[in-house]
file input31.cif (mmCIF, C-alpha atoms and all ligand atoms)
data_work
loop_
_atom_site.label_atom_id
_atom_site.label_comp_id
_atom_site.auth_asym_id
_atom_site.auth_seq_id
_atom_site.Cartn_x
_atom_site.Cartn_y
_atom_site.Cartn_z
CA ARG A 1 -40.66 44.40 22.47
CA ASN A 2 -40.27 42.83 19.01
CA VAL A 3 -37.80 45.49 17.94
CA LYS A 4 -36.64 45.50 14.35
CA MET A 5 -33.93 47.77 13.04
CA TYR A 6 -33.49 47.41 9.30
CA PHE A 7 -31.06 49.50 7.28
CA PRO A 8 -31.63 49.98 3.56
CA ILE A 9 -28.93 48.92 1.10
CA THR A 10 -28.85 51.22 -1.91
CA GLY A 11 -27.15 50.62 -5.22
CA GLY A 12 -26.38 52.24 -8.56
CA VAL A 13 -26.15 55.93 -9.45
CA LEU A 14 -29.80 56.50 -8.55
CA LYS A 15 -29.21 55.06 -5.07
CA LYS A 16 -32.20 52.81 -5.47
CA ARG A 17 -33.10 50.56 -2.60
CA VAL A 18 -31.83 47.09 -3.48
CA GLY A 19 -32.26 45.35 -0.17
CA GLU A 20 -31.92 45.74 3.57
CA VAL A 21 -29.75 44.59 6.43
CA LYS A 22 -31.80 43.24 9.31
CA ALA A 23 -29.33 44.40 11.97
CA VAL A 24 -31.87 43.76 14.74
CA ASP A 25 -34.66 41.38 13.85
CA ASP A 26 -37.58 40.95 16.23
CA VAL A 27 -35.67 41.23 19.49
CA SER A 28 -37.40 41.31 22.90
CA PHE A 29 -35.87 41.47 26.36
CA SER A 30 -36.05 43.44 29.60
CA ILE A 31 -33.41 45.11 31.73
CA LYS A 32 -34.44 45.44 35.36
CA LYS A 33 -33.69 48.54 37.39
CA GLY A 34 -30.34 48.22 39.14
CA GLU A 35 -29.33 45.16 37.14
CA THR A 36 -26.90 44.34 34.38
CA PHE A 37 -28.02 42.64 31.19
CA GLY A 38 -25.05 41.13 29.36
CA LEU A 39 -25.35 40.94 25.59
CA VAL A 40 -22.95 38.58 23.83
CA GLY A 41 -22.28 37.32 20.33
CA GLU A 42 -19.64 37.60 17.62
CA SER A 43 -19.05 40.97 16.00
CA GLY A 44 -21.64 41.82 13.38
CA CYS A 45 -24.48 40.09 15.27
CA GLY A 46 -26.34 43.31 16.06
CA LYS A 47 -25.28 43.96 19.64
CA SER A 48 -24.19 47.57 19.15
CA THR A 49 -27.22 48.39 17.01
CA THR A 50 -29.44 46.96 19.75
CA GLY A 51 -27.76 49.29 22.26
CA ARG A 52 -28.15 52.29 19.99
CA VAL A 53 -31.77 51.67 19.14
CA ILE A 54 -32.64 51.27 22.84
CA MET A 55 -31.07 54.67 23.47
CA ARG A 56 -33.14 55.99 20.57
CA LEU A 57 -30.10 57.03 18.56
CA TYR A 58 -32.15 55.33 15.83
CA GLU A 59 -35.87 55.13 15.39
CA PRO A 60 -36.79 51.42 15.25
CA THR A 61 -38.25 50.08 12.01
CA GLU A 62 -40.83 48.22 14.10
CA GLY A 63 -41.53 47.27 17.69
CA ALA A 64 -41.67 49.09 20.99
CA ILE A 65 -38.93 50.40 23.26
CA ILE A 66 -40.46 50.84 26.69
CA PHE A 67 -38.61 52.86 29.29
CA ASP A 68 -40.07 53.37 32.77
CA GLY A 69 -43.42 52.19 31.44
CA LYS A 70 -43.48 54.65 28.53
CA ASN A 71 -43.21 53.71 24.89
CA ILE A 72 -40.37 55.87 23.57
CA SER A 73 -40.10 54.25 20.13
CA ASN A 74 -41.35 57.20 18.13
CA ILE A 75 -40.88 60.30 20.26
CA LYS A 76 -39.08 63.17 18.57
CA GLY A 77 -37.59 66.63 19.04
CA GLU A 78 -37.46 68.15 22.52
CA ARG A 79 -39.16 65.15 24.17
CA LEU A 80 -36.53 62.85 22.69
CA ARG A 81 -33.71 65.16 23.77
CA GLN A 82 -35.05 65.21 27.35
CA MET A 83 -35.58 61.45 27.37
CA ARG A 84 -32.03 60.77 26.15
CA GLN A 85 -30.62 62.31 29.31
CA ASN A 86 -31.65 59.08 31.01
CA PHE A 87 -29.26 57.14 28.78
CA GLN A 88 -25.54 57.26 28.36
CA MET A 89 -23.10 55.19 26.38
CA VAL A 90 -19.49 54.26 27.10
CA PHE A 91 -17.42 52.90 24.24
CA GLN A 92 -14.41 50.66 23.83
CA ASP A 93 -11.87 53.33 23.02
CA PRO A 94 -12.08 56.22 25.47
CA PHE A 95 -9.34 58.09 23.62
CA SER A 96 -11.42 58.62 20.50
CA SER A 97 -14.46 59.73 22.51
CA LEU A 98 -12.55 62.32 24.58
CA ASN A 99 -11.76 65.62 22.87
CA PRO A 100 -7.93 65.92 23.04
CA ARG A 101 -8.09 69.74 23.16
CA MET A 102 -10.40 69.95 26.17
CA ASN A 103 -9.20 69.55 29.72
CA ILE A 104 -10.81 66.82 31.84
CA GLY A 105 -12.90 69.28 33.85
CA SER A 106 -14.49 70.65 30.67
CA ILE A 107 -14.99 67.16 29.23
CA ILE A 108 -16.80 65.90 32.32
CA GLY A 109 -18.76 69.12 32.78
CA GLU A 110 -19.80 69.55 29.16
CA PRO A 111 -23.09 67.58 29.25
CA LEU A 112 -24.15 69.62 32.29
CA ALA A 113 -23.11 72.92 30.73
CA VAL A 114 -24.99 72.10 27.51
CA ASN A 115 -28.16 70.58 28.97
CA THR A 116 -28.71 72.48 32.22
CA LYS A 117 -28.50 76.04 33.58
CA ILE A 118 -25.92 75.13 36.21
CA SER A 119 -23.75 77.96 37.63
CA GLN A 120 -19.96 77.90 37.18
CA ALA A 121 -19.44 77.31 40.90
CA ASP A 122 -21.87 74.40 41.04
CA LEU A 123 -20.38 72.97 37.87
CA LYS A 124 -16.93 72.96 39.45
CA ASP A 125 -18.29 71.23 42.58
CA ARG A 126 -20.06 68.65 40.48
CA VAL A 127 -16.93 67.89 38.45
CA ASP A 128 -14.88 67.53 41.66
CA HIS A 129 -17.48 65.14 43.01
CA LEU A 130 -17.61 63.07 39.81
CA LEU A 131 -13.79 62.77 39.77
CA GLU A 132 -13.92 61.48 43.33
CA VAL A 133 -16.72 59.03 42.48
CA VAL A 134 -14.64 57.42 39.72
CA GLY A 135 -11.45 57.42 41.78
CA LEU A 136 -9.47 60.20 40.11
CA PRO A 137 -7.64 63.05 41.91
CA ARG A 138 -9.14 66.56 41.80
CA ASP A 139 -6.24 68.05 39.89
CA ALA A 140 -7.13 65.73 37.00
CA ALA A 141 -9.63 68.43 36.01
CA PHE A 142 -6.79 70.63 34.71
CA LYS A 143 -5.07 67.94 32.66
CA TYR A 144 -5.69 66.63 29.14
CA PRO A 145 -6.67 63.17 27.90
CA HIS A 146 -3.17 62.27 26.63
CA GLU A 147 -1.82 62.62 30.17
CA PHE A 148 -3.82 59.58 31.32
CA SER A 149 -3.56 55.80 30.89
CA GLY A 150 -6.24 53.76 29.13
CA GLY A 151 -7.89 52.75 32.40
CA GLN A 152 -7.90 56.32 33.70
CA ARG A 153 -9.36 57.57 30.43
CA GLN A 154 -12.18 55.05 30.82
CA ARG A 155 -12.78 56.47 34.32
CA ILE A 156 -13.04 59.92 32.74
CA ALA A 157 -15.53 58.64 30.16
CA ILE A 158 -17.58 57.08 32.97
CA ALA A 159 -17.52 60.31 35.01
CA ARG A 160 -18.78 62.22 31.98
CA ALA A 161 -21.50 59.62 31.39
CA LEU A 162 -22.62 59.96 35.03
CA SER A 163 -22.82 63.76 34.95
CA LEU A 164 -26.51 63.95 34.02
CA ASN A 165 -27.58 61.18 36.44
CA PRO A 166 -28.54 58.62 33.79
CA LYS A 167 -30.70 55.62 34.60
CA LEU A 168 -29.41 53.28 31.92
CA MET A 169 -25.88 53.00 30.64
CA VAL A 170 -25.00 51.12 27.48
CA LEU A 171 -21.45 49.86 27.91
CA ASP A 172 -20.32 48.81 24.44
CA GLU A 173 -17.12 46.76 24.77
CA ALA A 174 -16.26 49.28 27.49
CA VAL A 175 -13.43 47.22 29.01
CA SER A 176 -12.39 45.24 25.92
CA ALA A 177 -9.35 47.38 25.05
CA LEU A 178 -7.90 47.30 28.59
CA ASP A 179 -5.33 44.98 30.14
CA VAL A 180 -6.88 42.23 32.24
CA SER A 181 -5.88 43.76 35.61
CA ILE A 182 -7.23 47.16 34.59
CA GLN A 183 -10.39 45.49 33.25
CA ALA A 184 -11.04 44.12 36.73
CA GLN A 185 -10.66 47.57 38.29
CA ILE A 186 -13.08 49.19 35.86
CA ILE A 187 -15.57 46.34 36.25
CA ASN A 188 -15.43 46.73 40.05
CA LEU A 189 -15.93 50.48 39.69
CA LEU A 190 -18.92 49.98 37.38
CA ASP A 191 -20.43 47.52 39.82
CA GLU A 192 -20.03 49.92 42.75
CA LEU A 193 -21.58 52.75 40.75
CA ARG A 194 -24.50 50.56 39.75
CA GLU A 195 -25.26 49.78 43.38
CA GLU A 196 -24.69 53.30 44.63
CA PHE A 197 -26.81 55.03 41.99
CA GLY A 198 -29.28 52.25 41.18
CA LEU A 199 -28.07 52.23 37.58
CA SER A 200 -29.01 49.66 34.99
CA TYR A 201 -26.48 48.46 32.43
CA LEU A 202 -26.66 46.94 29.03
CA PHE A 203 -23.21 45.37 29.00
CA ILE A 204 -22.22 44.52 25.44
CA SER A 205 -19.19 42.28 25.00
CA HIS A 206 -17.78 39.50 22.89
CA ASN A 207 -15.94 38.31 26.01
CA LEU A 208 -18.04 35.73 27.83
CA SER A 209 -15.78 35.57 30.89
CA VAL A 210 -16.23 39.29 31.51
CA VAL A 211 -20.00 39.10 30.95
CA LYS A 212 -20.20 36.26 33.47
CA HIS A 213 -18.69 38.49 36.14
CA VAL A 214 -21.03 41.41 35.73
CA SER A 215 -24.41 40.19 34.48
CA HIS A 216 -27.67 39.26 36.16
CA GLN A 217 -29.25 38.23 32.88
CA VAL A 218 -27.48 37.27 29.68
CA GLY A 219 -28.72 37.43 26.10
CA VAL A 220 -26.99 35.76 23.16
CA MET A 221 -27.42 37.29 19.71
CA TYR A 222 -26.78 35.75 16.33
CA LEU A 223 -27.35 37.57 13.05
CA GLY A 224 -29.75 40.12 14.48
CA ARG A 225 -31.81 37.60 16.47
CA MET A 226 -31.83 36.86 20.17
CA VAL A 227 -31.22 33.10 20.31
CA GLU A 228 -31.08 32.61 24.08
CA VAL A 229 -31.91 34.69 27.17
CA ALA A 230 -31.43 33.41 30.71
CA PRO A 231 -30.31 34.30 34.21
CA ARG A 232 -26.52 34.26 34.35
CA SER A 233 -26.15 30.98 36.26
CA SER A 234 -28.55 29.04 34.00
CA LEU A 235 -26.86 30.29 30.88
CA TYR A 236 -23.35 29.43 32.03
CA HIS A 237 -24.23 26.10 33.64
CA THR A 238 -26.74 24.80 31.17
CA PRO A 239 -26.57 26.66 27.87
CA LEU A 240 -29.30 25.35 25.58
CA HIS A 241 -28.65 26.90 22.18
CA PRO A 242 -25.87 25.25 20.13
CA TYR A 243 -24.47 28.73 19.38
CA SER A 244 -24.25 29.58 23.09
CA GLU A 245 -22.63 26.18 23.71
CA SER A 246 -20.00 26.86 21.09
CA LEU A 247 -19.26 30.36 22.43
CA LEU A 248 -18.91 29.00 25.96
CA SER A 249 -16.75 26.11 24.84
CA ALA A 250 -14.31 28.63 23.35
CA ALA A 251 -14.21 30.86 26.45
CA PRO A 252 -11.44 30.23 28.98
CA GLU A 253 -12.89 28.80 32.21
CA ALA A 254 -11.47 30.32 35.37
CA SER A 255 -12.69 27.58 37.71
CA ARG A 256 -12.06 24.50 35.54
CA LYS A 257 -14.95 22.85 37.41
CA VAL A 258 -16.99 22.80 34.25
CA LYS A 259 -15.19 20.79 31.62
CA ARG A 260 -16.35 21.57 28.15
CA ASN A 261 -15.32 20.04 24.90
CA ARG A 262 -14.33 22.73 22.50
CA ILE A 263 -16.85 23.12 19.70
CA ILE A 264 -15.30 24.63 16.61
CA LEU A 265 -17.75 26.45 14.36
CA SER A 266 -17.15 26.20 10.67
CA GLY A 267 -16.99 29.42 8.70
CA ASP A 268 -17.65 33.04 9.60
CA VAL A 269 -20.89 34.78 10.48
CA PRO A 270 -22.88 34.85 7.20
CA ASN A 271 -23.59 38.16 5.45
CA PRO A 272 -26.42 39.84 7.38
CA ALA A 273 -27.77 41.28 4.12
CA ASN A 274 -28.44 37.75 2.97
CA PRO A 275 -28.96 35.55 6.04
CA PRO A 276 -29.56 31.79 5.71
CA SER A 277 -33.17 30.58 5.59
CA GLY A 278 -34.92 28.97 8.57
CA CYS A 279 -32.65 29.06 11.60
CA ALA A 280 -29.92 31.49 10.53
CA PHE A 281 -27.41 29.39 12.46
CA HIS A 282 -28.06 26.20 10.47
CA THR A 283 -25.05 26.73 8.16
CA ARG A 284 -22.71 26.46 11.15
CA CYS A 285 -24.68 24.41 13.66
CA PRO A 286 -23.23 20.97 14.53
CA LYS A 287 -26.75 19.78 15.46
CA ALA A 288 -28.66 21.13 12.47
CA MET A 289 -31.57 19.03 11.21
CA GLU A 290 -33.56 19.14 7.97
CA GLN A 291 -36.30 21.22 9.62
CA CYS A 292 -33.77 23.92 10.55
CA LYS A 293 -33.25 24.97 6.92
CA GLN A 294 -36.94 25.77 6.46
CA GLU A 295 -38.48 26.87 9.73
CA ARG A 296 -37.32 29.74 11.82
CA PRO A 297 -37.41 28.80 15.53
CA GLU A 298 -39.12 31.31 17.84
CA LEU A 299 -37.74 32.27 21.23
CA ARG A 300 -39.65 30.19 23.81
CA GLU A 301 -39.40 29.71 27.57
CA ILE A 302 -38.06 26.19 28.09
CA ARG A 303 -37.29 26.45 31.79
CA SER A 304 -38.18 29.11 34.31
CA GLN A 305 -36.86 32.39 32.88
CA HIS A 306 -34.73 30.50 30.37
CA PHE A 307 -35.63 31.27 26.77
CA VAL A 308 -34.19 29.65 23.65
CA ALA A 309 -34.88 29.75 19.91
CA CYS A 310 -33.97 26.27 18.66
CA HIS A 311 -35.86 23.30 17.19
CA LEU A 312 -34.05 20.89 19.52
CA TYR A 313 -36.33 22.01 22.35
FE1 LIG A 401 -29.05 24.24 15.27
FE2 LIG A 401 -31.45 23.72 14.28
FE3 LIG A 401 -31.24 24.63 16.77
FE4 LIG A 401 -30.74 26.22 14.69
S1 LIG A 401 -32.69 25.31 15.22
S2 LIG A 401 -29.54 26.04 16.51
S3 LIG A 401 -29.78 24.81 13.28
S4 LIG A 401 -30.47 22.69 15.98
MG MG A 402 -20.24 46.17 18.21
#
call {"tool": "encode", "arguments": {"input": "input31.cif", "output": "structure tokens", "more": "lines below"}}
Ligand code: SF4
Ligand code: MG
result
Amino acid sequence: RNVKMYFPITGGVLKKRVGEVKAVDDVSFSIKKGETFGLVGESGCGKSTTGRVIMRLYEPTEGAIIFDGKNISNIKGERLRQMRQNFQMVFQDPFSSLNPRMNIGSIIGEPLAVNTKISQADLKDRVDHLLEVVGLPRDAAFKYPHEFSGGQRQRIAIARALSLNPKLMVLDEAVSALDVSIQAQIINLLDELREEFGLSYLFISHNLSVVKHVSHQVGVMYLGRMVEVAPRSSLYHTPLHPYSESLLSAAPEASRKVKRNRIILSGDVPNPANPPSGCAFHTRCPKAMEQCKQERPELREIRSQHFVACHLY
């Protein structure tokens, strides 16, 4: 609720604070149990920081992160360590997150070995089970990361993430580095796991076609702000925010039923340390009006469950 995550910018030899980057600026949304919330936007819009602050890898500058009815924004120490077991993250490049010197059994079992008092025998059973759950053979436990393909390595990363029975997984560009056919396999696996274990996902991606496949709700971020939140079908059929419209117009349509004119945005995402006044999108928005330069639009519910931050509505 109203989460802000500001990072100081320091300058000079004295490292004095000269400004701040508003990586996440007053963002509110909910992820329902057992559902996937897709978070889209160009790189540098604050998606990854949003995922990290929800997992309490950072303490938010302001606002409340509420998990299972409890405000976890400011918890620390042992309570935070315990709480974090509910959350796991899977990244884009499984190779860099898997220790090349550890065999797969040790990689998958490590969170359990570190955080619980599990016996060696139970640990082995658990690893066998997790390998099966993600569709890898048992003898994978004795091999090393370099012996696997990109898709298999992502299965290993998912097995490791599942080891402590998390409730929420933050999937940060988790399929973005994979070939399209492998992407589909991993997405299907994630969907099966979500149903089987009642998991919730924050699915972060710049790829709108992928997000469309997996999400129940979709949020669109621009320069640290949430500019539109809606159920998947509303967002893809009737996007309201000009930024969402432009992103969708650039995404390849599988069905071709919806014809969209391509909207080309001028320029890059502005520097988040010095965002434009008013609506931060006004420097690139094809529908910008005078008002947009001065007044910042708030996120408001325009249709049932469909929220947008834009002066057009
Ligand atoms: Fe464009 Fe104005 Fe809406 Fe911002 S508020 S998206 S500049 S029309
Ligand atoms: Mg990112």
call {"tool": "residues_near_ligand", "arguments": {"input": "input31.cif", "ligand": "ligand MG 402 (chain A)", "cutoff": "6 Å", "atoms": "all atoms listed in the file", "output": "PyMOL selection string"}}
result
chain A and resi 43+47-48
call {"tool": "atom_distance", "arguments": {"input": "input31.cif", "atom1": "atom CA of Pro297 of chain A", "atom2": "atom CA of Ile9 of chain A"}}
result
26.2 Å
call {"tool": "residues_around", "arguments": {"input": "input31.cif", "residues": "Leu39 of chain A", "least_positions_apart": "5", "cutoff": "9 Å", "atoms": "all atoms listed in the file", "output": "list in words"}}
result
Lys47, Leu202, Phe203, Ile204, Ser205, His206, Val211, Ser215, Gln217, Val218, Gly219, Val220 and Met221 of chain A
call {"tool": "residues_near_ligand", "arguments": {"input": "input31.cif", "ligand": "ligand LIG 401 (chain A)", "cutoff": "6 Å", "atoms": "only C-alpha atoms and all ligand atoms", "output": "list in words"}}
result
His241, Pro242, Cys279, Phe281, His282, Cys285, Lys287, Ala288, Met289, Cys292, Pro297, Cys310, His311 and Leu312 of chain A
call {"tool": "closest_residue", "arguments": {"input": "input31.cif", "among": "A:Val269, A:Met83, A:Leu98, A:Ile65", "to": "Asn115 of chain A", "atoms": "all atoms listed in the file"}}
result
A:Met83
call {"tool": "closest_residue", "arguments": {"input": "input31.cif", "among": "A:Ala174, A:Ala141, A:Leu247, A:Val180", "to": "Ile104 of chain A", "atoms": "all atoms listed in the file"}}
result
A:Ala141
call {"tool": "atom_distance", "arguments": {"input": "input31.cif", "atom1": "atom CA of Ala184 of chain A", "atom2": "atom CA of Met226 of chain A"}}
result
27.6 Å
call {"tool": "atom_distance", "arguments": {"input": "input31.cif", "atom1": "atom CA of Pro100 of chain A", "atom2": "atom CA of Asn188 of chain A"}}
result
26.7 Å
call {"tool": "residues_around", "arguments": {"input": "input31.cif", "residues": "Leu199 of chain A", "least_positions_apart": "3", "cutoff": "7 Å", "atoms": "only C-alpha atoms", "output": "number ranges by chain"}}
result
A: 33-34, 167-168, 194-195
call {"tool": "residues_around", "arguments": {"input": "input31.cif", "residues": "Asn86 of chain A", "least_positions_apart": "6", "cutoff": "9 Å", "atoms": "only C-alpha atoms", "output": "PyMOL selection string"}}
result
chain A and resi 55+164-169
call {"tool": "closest_residue", "arguments": {"input": "input31.cif", "among": "A:Val214, A:Ala251, A:Ala280, A:Leu178", "to": "Asp93 of chain A", "atoms": "all atoms listed in the file"}}
result
A:Leu178
call {"tool": "residues_near_point", "arguments": {"input": "input31.cif", "point": "(-21.3, 40.6, 4.4)", "cutoff": "12 Å", "atoms": "only C-alpha atoms", "output": "PDB file with C-alpha atoms, keeping the file's coordinate frame"}}
result
ATOM      1  CA  ILE A   9     -28.930  48.920   1.100  1.00  0.00           C
ATOM      2  CA  GLU A  20     -31.920  45.740   3.570  1.00  0.00           C
ATOM      3  CA  VAL A  21     -29.750  44.590   6.430  1.00  0.00           C
ATOM      4  CA  LYS A  22     -31.800  43.240   9.310  1.00  0.00           C
ATOM      5  CA  ALA A  23     -29.330  44.400  11.970  1.00  0.00           C
ATOM      6  CA  SER A  43     -19.050  40.970  16.000  1.00  0.00           C
ATOM      7  CA  GLY A  44     -21.640  41.820  13.380  1.00  0.00           C
ATOM      8  CA  CYS A  45     -24.480  40.090  15.270  1.00  0.00           C
ATOM      9  CA  LEU A 223     -27.350  37.570  13.050  1.00  0.00           C
ATOM     10  CA  ASP A 268     -17.650  33.040   9.600  1.00  0.00           C
ATOM     11  CA  VAL A 269     -20.890  34.780  10.480  1.00  0.00           C
ATOM     12  CA  PRO A 270     -22.880  34.850   7.200  1.00  0.00           C
ATOM     13  CA  ASN A 271     -23.590  38.160   5.450  1.00  0.00           C
ATOM     14  CA  PRO A 272     -26.420  39.840   7.380  1.00  0.00           C
ATOM     15  CA  ALA A 273     -27.770  41.280   4.120  1.00  0.00           C
ATOM     16  CA  ASN A 274     -28.440  37.750   2.970  1.00  0.00           C
ATOM     17  CA  PRO A 275     -28.960  35.550   6.040  1.00  0.00           C
TER      18      PRO A 275
END
call {"tool": "closest_residue", "arguments": {"input": "input31.cif", "among": "A:Val170, A:Arg262, A:Asp125, A:Phe148", "to": "Val53 of chain A", "atoms": "all atoms listed in the file"}}
result
A:Val170
call {"tool": "closest_residue", "arguments": {"input": "input31.cif", "among": "A:Leu189, A:Asp139, A:Leu80, A:Asp26", "to": "Arg155 of chain A", "atoms": "only C-alpha atoms"}}
result
A:Leu189
call {"tool": "axis_aligned_box", "arguments": {"input": "input31.cif", "around": "segment 106-122 of chain A", "padding_each_side": "3 Å", "output": "JSON"}}
result
{"center_x": -21.6, "center_y": 71.9, "center_z": 34.3, "size_x": 20.2, "size_y": 18.1, "size_z": 19.5}
call {"tool": "closest_residue", "arguments": {"input": "input31.cif", "among": "A:Ser163, A:Leu299, A:Leu240, A:Tyr6", "to": "Ile118 of chain A", "atoms": "all atoms listed in the file"}}
result
A:Ser163
call {"tool": "build_atoms", "arguments": {"input": "input31.cif", "residues": "segment 277-291 of chain A", "atoms": "N, CA and C atoms", "output": "PDB file, in the coordinates of the input"}}
result
ATOM      1  N   SER A 277     -31.734  30.808   5.346  1.00  0.00           N
ATOM      2  CA  SER A 277     -33.170  30.580   5.590  1.00  0.00           C
ATOM      3  C   SER A 277     -33.355  29.835   6.920  1.00  0.00           C
ATOM      4  N   GLY A 278     -34.600  29.739   7.361  1.00  0.00           N
ATOM      5  CA  GLY A 278     -34.920  28.970   8.570  1.00  0.00           C
ATOM      6  C   GLY A 278     -34.166  29.504   9.776  1.00  0.00           C
ATOM      7  N   CYS A 279     -33.514  28.613  10.515  1.00  0.00           N
ATOM      8  CA  CYS A 279     -32.650  29.060  11.600  1.00  0.00           C
ATOM      9  C   CYS A 279     -31.366  29.586  10.967  1.00  0.00           C
ATOM     10  N   ALA A 280     -31.077  30.860  11.198  1.00  0.00           N
ATOM     11  CA  ALA A 280     -29.920  31.490  10.530  1.00  0.00           C
ATOM     12  C   ALA A 280     -28.605  30.830  10.922  1.00  0.00           C
ATOM     13  N   PHE A 281     -28.629  30.046  11.989  1.00  0.00           N
ATOM     14  CA  PHE A 281     -27.410  29.390  12.460  1.00  0.00           C
ATOM     15  C   PHE A 281     -27.195  28.040  11.786  1.00  0.00           C
ATOM     16  N   HIS A 282     -28.142  27.590  10.939  1.00  0.00           N
ATOM     17  CA  HIS A 282     -28.060  26.200  10.470  1.00  0.00           C
ATOM     18  C   HIS A 282     -26.813  25.915   9.632  1.00  0.00           C
ATOM     19  N   THR A 283     -26.250  26.967   8.990  1.00  0.00           N
ATOM     20  CA  THR A 283     -25.050  26.730   8.160  1.00  0.00           C
ATOM     21  C   THR A 283     -23.820  26.405   9.007  1.00  0.00           C
ATOM     22  N   ARG A 284     -23.878  26.703  10.303  1.00  0.00           N
ATOM     23  CA  ARG A 284     -22.710  26.460  11.150  1.00  0.00           C
ATOM     24  C   ARG A 284     -23.028  25.531  12.323  1.00  0.00           C
ATOM     25  N   CYS A 285     -24.275  25.141  12.458  1.00  0.00           N
ATOM     26  CA  CYS A 285     -24.680  24.410  13.660  1.00  0.00           C
ATOM     27  C   CYS A 285     -24.325  22.930  13.566  1.00  0.00           C
ATOM     28  N   PRO A 286     -23.584  22.398  14.559  1.00  0.00           N
ATOM     29  CA  PRO A 286     -23.230  20.970  14.530  1.00  0.00           C
ATOM     30  C   PRO A 286     -24.449  20.061  14.731  1.00  0.00           C
ATOM     31  N   LYS A 287     -25.574  20.622  15.205  1.00  0.00           N
ATOM     32  CA  LYS A 287     -26.750  19.780  15.460  1.00  0.00           C
ATOM     33  C   LYS A 287     -27.891  20.050  14.492  1.00  0.00           C
ATOM     34  N   ALA A 288     -27.597  20.733  13.400  1.00  0.00           N
ATOM     35  CA  ALA A 288     -28.660  21.130  12.470  1.00  0.00           C
ATOM     36  C   ALA A 288     -29.410  19.922  11.910  1.00  0.00           C
ATOM     37  N   MET A 289     -30.720  20.082  11.766  1.00  0.00           N
ATOM     38  CA  MET A 289     -31.570  19.030  11.210  1.00  0.00           C
ATOM     39  C   MET A 289     -32.217  19.585   9.943  1.00  0.00           C
ATOM     40  N   GLU A 290     -32.910  18.727   9.212  1.00  0.00           N
ATOM     41  CA  GLU A 290     -33.560  19.140   7.970  1.00  0.00           C
ATOM     42  C   GLU A 290     -34.506  20.322   8.210  1.00  0.00           C
ATOM     43  N   GLN A 291     -35.306  20.206   9.254  1.00  0.00           N
ATOM     44  CA  GLN A 291     -36.300  21.220   9.620  1.00  0.00           C
ATOM     45  C   GLN A 291     -35.678  22.623   9.773  1.00  0.00           C
TER      46      GLN A 291
END
